[in-house]
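First comes the structure, then the notes that go with it.
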Amino acid sequence: MADQTIRPTNVAVLIKLETIENVDAQPDPAVDAIPVEADSVTTNNPWTNEAANEATGSLVAGAPLIIGQASTFSFKSRIKGAGAGAIYSATVKPPLHPAFQACGMRGQFTAAIVAALVTAGGANSVTLPASFPSTVRALLGMLLLIGAGTGAGAAPAIIEYSAARVATLSETFTPPLDASTSVSVPANWTYANTSPIDGAARLVDQPSATVYIYIDGTLRKFTGCRGTVALDGKSARPGYGTFNMTGVYQGKVDAAMPTTLVIAGHTAPVLVQGSSKSPAASMNMKPLTISTWSLDPGSQIEVPDDPNTIYGFGAGQVVDRMKMLKVDPLATLVANRDTVSDIGNGVTMPAVLRHGSQLGNRWALVLPKAQPVSSDNGTRGKLASEDTGLQVLTIGRDAVTRDTDGYLVFY
């Protein structure tokens, strides 16, 4: 019998968070499969080699040193919600929920808050009524839907929130919002990075995962997996997450593609404003005419040496983070945007990228505080552009002790 060929695009990735680090959580194909790009899945070999320096009594080299190395794998996914019309709950989650969690982005579900009139408003803030929480940063990173009154049809992001229920917004409204403005918060899941305060918090903030990768008749298993996720996208196109993960390799076996496989195969939302009154892309509370964007997490995964494992390496650990946002807005007048002066003056600003408009299949990247650090002249076609880099900063911790250097919100 001839060797069977392997077709790498016939692939499925399953991921399930572990109860005990580095203990196989046994992902279920009907529940734990995630959407990935067919040509994006890569894995390395858990073994490598070094040339030997032993004398052999001849000029022939000695047997090589076969040594273990950290197991790495990666995949790319379109970022999408649970599905058009889905209502988020504690159990209805975005398809990439476990992948985000294994990258140190703790998810938080917030139930819907029904529409009510604000008690006061301004150009970029509102004071919310008593039906909204009075906890500092309880709504940070979420979208505030304006259903009626001044500003109707807009959905600004909340970039700061006080115990007095004052929400600072990512947009400037003309005329200013006022007591006729009716607002609500849809049921949503937010994901934000974490800095665990102790060992117990680490288990919740940065859990490990078991990952199964089926490739056309074979199955590779990894445990103790953690990673990083880099985001990118283009105008009128979906956003993508590239997940680079490290785990403990548990072997490869022949295994048929599961017949019970369930994958969220619906269309991913795209970066367009559509009929919304809020811009799809904004920075410093102004619309931004970009073609491409990317968010480098600046995260490092340290893989500790551990002889008590199969290949000599333990589960990876998240050790630090420095996020960088890159955008390429068209160049404009100084009166509209003066990035060079902003860099020199250390100006900070919010940035928001929102994808889609359908309930249950829309999401936004919300960065409450970013500081421009670079600006290069560029072109888009025959138009001048301004390739800008911003370092994403924190404003402290939110109401559930997550860092505030950026949110993914699904609503």
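Labeling convention for the structure tokens: chains A, B, ... as they appear, residues from 1 per chain, ligands from 1 in order of appearance.
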
Exercise. DSSP says strand (DSSP E or B) for which residues of segment 41-166 of chain A? Put them as an MDAnalysis selection string?
Worked result: chainID A and resid 42:43 47:50 65:68 71:78 105:110 113:117 120:121 125:127 143 145:148 157:161 166

For this session: Tell me, as a count of residues only, which residues lie within 12 Å of segment 249-261 of chain A, counting only C-alpha atoms; anything in the same chain fewer than 2 positions away does not count.
Result: 60

Problem set entry | Residues of segment 134-288 of chain A in alpha helix (DSSP H), written as a VMD selection string | chain A and resid 199 to 205

Could the residues in this selection be written to a file with N, CA, C and O atoms, as a PDB file, in the first residue's frame?
ATOM      1  N   GLY A 199      -0.922  33.913  42.705  1.00  0.00           N
ATOM      2  CA  GLY A 199      -1.012  32.631  42.045  1.00  0.00           C
ATOM      3  C   GLY A 199      -2.433  32.216  41.746  1.00  0.00           C
ATOM      4  O   GLY A 199      -2.724  31.649  40.689  1.00  0.00           O
ATOM      5  N   ALA A 200      -3.347  32.477  42.674  1.00  0.00           N
ATOM      6  CA  ALA A 200      -4.742  32.113  42.455  1.00  0.00           C
ATOM      7  C   ALA A 200      -5.342  32.892  41.287  1.00  0.00           C
ATOM      8  O   ALA A 200      -6.096  32.345  40.472  1.00  0.00           O
ATOM      9  N   ALA A 201      -5.007  34.192  41.205  1.00  0.00           N
ATOM     10  CA  ALA A 201      -5.534  35.016  40.110  1.00  0.00           C
ATOM     11  C   ALA A 201      -5.002  34.552  38.763  1.00  0.00           C
ATOM     12  O   ALA A 201      -5.699  34.640  37.749  1.00  0.00           O
ATOM     13  N   ARG A 202      -3.774  34.034  38.741  1.00  0.00           N
ATOM     14  CA  ARG A 202      -3.187  33.600  37.472  1.00  0.00           C
ATOM     15  C   ARG A 202      -4.001  32.476  36.844  1.00  0.00           C
ATOM     16  O   ARG A 202      -4.150  32.408  35.619  1.00  0.00           O
ATOM     17  N   LEU A 203      -4.552  31.588  37.665  1.00  0.00           N
ATOM     18  CA  LEU A 203      -5.333  30.470  37.148  1.00  0.00           C
ATOM     19  C   LEU A 203      -6.585  30.956  36.421  1.00  0.00           C
ATOM     20  O   LEU A 203      -7.069  30.308  35.498  1.00  0.00           O
ATOM     21  N   VAL A 204      -7.113  32.096  36.861  1.00  0.00           N
ATOM     22  CA  VAL A 204      -8.312  32.664  36.243  1.00  0.00           C
ATOM     23  C   VAL A 204      -7.942  33.604  35.104  1.00  0.00           C
ATOM     24  O   VAL A 204      -8.555  33.595  34.035  1.00  0.00           O
ATOM     25  N   ASP A 205      -6.939  34.434  35.333  1.00  0.00           N
ATOM     26  CA  ASP A 205      -6.563  35.467  34.366  1.00  0.00           C
ATOM     27  C   ASP A 205      -5.847  34.903  33.143  1.00  0.00           C
ATOM     28  O   ASP A 205      -6.039  35.390  32.026  1.00  0.00           O
TER      29      ASP A 205
END

For this session: Return the single residue from A:Ala399, A:Leu59, A:Ala2, A:Ala351 that is closest to Pro133 of chain A, with distances computed using only C-alpha atoms.
Result: A:Ala399

Exercise. Could you work out how far atom CA of Leu144 of chain A lies from atom CA of Ser170 of chain A, giving the answer in Å with one decimal?
Worked result: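 Between these atoms lies a distance of 10.1 Å.
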
Exercise. Which residue out of A:Ser235, A:Ser385, A:Ser180, A:Ser40 has the minimum interatomic distance to Lys76 of chain A when only C-alpha atoms are used?
Worked result: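 Checking each of A:Ser235, A:Ser385, A:Ser180, A:Ser40 against Lys76 of chain A, counting only C-alpha atoms, the winner is A:Ser40.
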
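Comparing A:Thr168, A:Gln273, A:Asn244, A:Thr9 by their smallest distance to Glu37 of chain A, the closest is A:Thr9 (using only C-alpha atoms).
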
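When only C-alpha atoms are used to measure the gap to Asp376 of chain A, the shortest distance among A:Val183, A:Leu359, A:Leu288, A:Leu330 belongs to A:Leu330.
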
Problem set entry | Residue contacts of Met324 of chain A (6 Å, only C-alpha atoms) excluding same-chain residues fewer than 5 positions away, as a list of chain:residue names | A:Leu295, A:Asp296, A:Leu390, A:Gln391, A:Val392

For this session: Find the spatial neighbours of Ser89 of chain A, counting only C-alpha atoms, within a cut-off of 10 Å - ignore same-chain residues fewer than 6 positions away - and output them as a PyMOL selection string.
Result: chain A and resi 109-112+187-189

For this session: Go ahead and compute the interatomic distance for atom CA of Ala179 of chain A and atom CA of Gly121 of chain A, in Å to one decimal.
Result: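 So the two atoms, atom CA of Ala179 of chain A and atom CA of Gly121 of chain A, lie 6.5 Å apart.
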
Exercise. So how many Å separate atom CA of Pro368 of chain A and atom CA of Asp198 of chain A, to one decimal?
Worked result: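 Computing the Euclidean distance for atom CA of Pro368 of chain A and atom CA of Asp198 of chain A yields 25.8 Å.
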